[in-house]
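**Student:** Have a look at this one.
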Amino acid sequence: MTTEPMAVYEPSSDTHTPKGTRHSEAARDHLWMHFTRHSVFEQGDDGGRGHSVPIIVRGEGHKVYDDRGNEYIDGLAGLFTNQVGHGRTEIAEAMAHQAGTLGFFPLWSYAHPPAIELAERLADIAPGELNRVFFTTGGGEAVETAWKLAKQYFKLTGKPGKHKVISRSVAYHGTPQGALSITGIPAAKEMFEPLVPGAFKVPNTNLYRAPERFRDDEKAFGEWAADRIGEAIEFEGPDTVAAVFLEPVQNSGGCFPPPPGYFERVRKICDDYDVLLVSDETICAFGRIGSMFACEDFGYEPDIITTAKGITSGYAPLGLMIASERLFEPFRQGMNYFPHGYTWGGHPVSCAAAMANLDIFEREGLTDHVKANAGAFRATLERLLDLPIVGDVRGAGYFYGIELVKDKETRETFNDEECERLLRGYLSKALFDAGIYCRADDRGDPVIQLAPALTIGQAEFDDIESRLRSVLTEAEQHL
Ligand SMILES: Cc1ncc(COP(=O)(O)O)c(C=O)c1O
């Protein structure tokens with residue numbers, strides 16, 4: 001497992017580009033890219049100029065274009081963000097109009113119409129009691145906010161010892177130090193230890209890697225996995241545990257959907273121990289799984305939803321926490337308030353982008369489109385199971401992981417050196433060269449991840465499958 005979870009494109013040494021464009025050289029010299037191994041862009045031992053930074057200059061629908069005019073399927077919707085597709089001028093126009101009307105004002109004791117109207121709209125579409133919207137600028141801040149709220153809520157309601165959180169192995173919840181504590185990827189955390197204390201991990205719902213006795217009984221596996229949460233609460237002491245953070249479909253590790261009955265049981269465990277259930281839908285909300293909020297796809301009502309990304313389809317940064325009315329109740333009283341906030345949280349231009357984005361969802365029936373086509377997308381990707389290197393295809397909605405294995409019979413995975421050779425030495429670049437931007441990731445076992453725009457249909461599914469097929473067929477030679 002590596003510490004470079006986000007490095008989507010890393011050219012191998014045999015594809016040396018002697019000189020990049022002006023932009024790629026300036027990027028190499030001045031831009032600090034996120035989760036990126038910069039050494040690949042530096043001068044090589046042979047006196048060459050290293051590899052050029054890929055520069056994406058334009059997007060149109062489900063495609064993006066680089067500075068050399070090459071076209072790519074945006075198989076990851078940017079970074080799980082671009083639900084409605086690129087180049088939507090009506091979102092740009094809504095943002096321009098808002099910037100011209102009120103470019104910025106904070107939500108610190110004041111409010112502005114875009115944040116108010118968006119909060120009202122979100123409360124309207126969120127399930128049940130989820131009614132109170134707190135804006136951030138991204139998903140990690142939303143997770144951070146939810147943990148702080150959970151702690152303060154219990155302090156205000158006579159249970160001051162409840163402060164710990166439980167989350168799942170290999171899950172990613174963001175980079176602020178609290179959210180990173182909740183994250184279950186040791187390699188992503190080790191450079192920043194000691195992190196915020198009080199975060200404990202339980203098994204995730206990776207059925208493909210489940211204990212052998214559960215592999216043919218998904219429901220029993222789900223019950224077992226849910227019970228690990230109850231057990232962790234008991235081990236830590238129910239009076240000390242504030243919240244459980246779970247994604248509806250866990251992204252990191254390669255798309256683990258919940259087994260049937262899993263969330264029903266988790267909800268009951270949380271209720272029994274008075275522990276808050278936080279649904280981290282940073283990726284899964286806004287149609288990625290099908291519904292506007294993915295907890296609805298799996299039939300549970302959390303106490304808090306955290307989300308970001310698809311709310312604006314990536315046209316502007318915005319994250320948020322939606323809390324149930326019950327959690328807001330103590331903050332109606334006297335001098336109580338939540339001493340927490342961000343200058344840019346609920347930025348008016350971002351809220352205007354979100355409103356225009358949600359208008360497109362409604363007008364084009366995007367959630368229904370995903371629900372109607374998700375089965376076809378899965379079936380198309382499952383055709384790849386005939387390749388010896390493809391062990392599993394899993395996910396839901398427009399969100400899939402394809403796990404690569406060394407031996408399909410035994411499910412043996414690749415060691416670190418083989419992963420390095422396969423993912424960074426070959427796959428990342430080969431996929432990009434084949435005209436598909438997606439993620440080859442080994443935060444858990446090696447997977448290829450897909451999360452395209454929610455607008456696409458069978459023709460694009462076929463196109464994605466055939467590009468993946470040609471790259472994965474050749475991958476055999478690079479093992
Ligand atoms: C489930 C989950 N939570 C939190 C985050 C962090 O979001 P951000 O990068 O917007 O801080 C991510 C990012 O991918 C995520 O997938």
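Letters A, B, ... mark the chains of the structure tokens in the order given; residue numbers begin at 1 per chain; ligand numbers begin at 1, in order shown.
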Can you work out which residues are within 10 Å of ligand 1, considering only C-alpha atoms and all ligand atoms, and then hand them over as a PyMOL selection string?
**Tutor:** chain A and resi 6+79-81+136-144+171-176+179-180+182-183+245-252+279-284+306-309+317-320
**Student:** So which residues touch A:Asp368 within 9 Å, counting only C-alpha atoms, skipping near sequence neighbours fewer than 6 positions away, as a list of chain:residue names?
**Tutor:**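 Contacts, in chain order: A:Gly287, A:Gly290, A:Ser291.
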**Student:** Quick one: residues within 10 Å of A:Tyr273, only C-alpha atoms counted, chain neighbours fewer than 4 positions away excluded, as a PyMOL selection string?
**Tutor:** chain A and resi 230+233-234+237-239+241-242+268-269
**Student:** Using only C-alpha atoms, find the one residue out of A:Leu156, A:Ser52, A:Ile389, A:Cys438 that sits nearest to A:Gly334.
**Tutor:** A:Leu156
**Student:** Might you pull out every residue within 6 Å of A:Gly401, with only C-alpha atoms counted and same-chain residues fewer than 6 positions away left off, and present them as a list of chain:residue names?
**Tutor:**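 So, after excluding close chain neighbours, the residues are A:Gly254, A:Cys255, A:Val393, A:Arg394, A:Ile448, A:Gln449.
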**Student:** Write out, as a PDB file, in the first residue's frame, the residues just selected, with C-alpha atoms.
**Tutor:**
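Just written: out_16.pdb:
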ATOM      1  CA  GLY A 254     -12.557   0.064  -4.595  1.00  0.00           C
ATOM      2  CA  CYS A 255     -16.302   0.564  -4.058  1.00  0.00           C
ATOM      3  CA  VAL A 393     -16.355  -5.769 -10.478  1.00  0.00           C
ATOM      4  CA  ARG A 394     -18.316  -4.050  -7.702  1.00  0.00           C
ATOM      5  CA  ILE A 448      -9.412   0.716 -11.302  1.00  0.00           C
ATOM      6  CA  GLN A 449     -12.137   3.141 -10.317  1.00  0.00           C
TER       7      GLN A 449
END
**Student:** Using only C-alpha atoms, which protein or nucleic acid residues come within 8 Å of A:Ala77? Drop anything in the same chain fewer than 4 positions from it, and give the result as a ChimeraX atom specification.
**Tutor:** /A:62,81-83,85,451-453
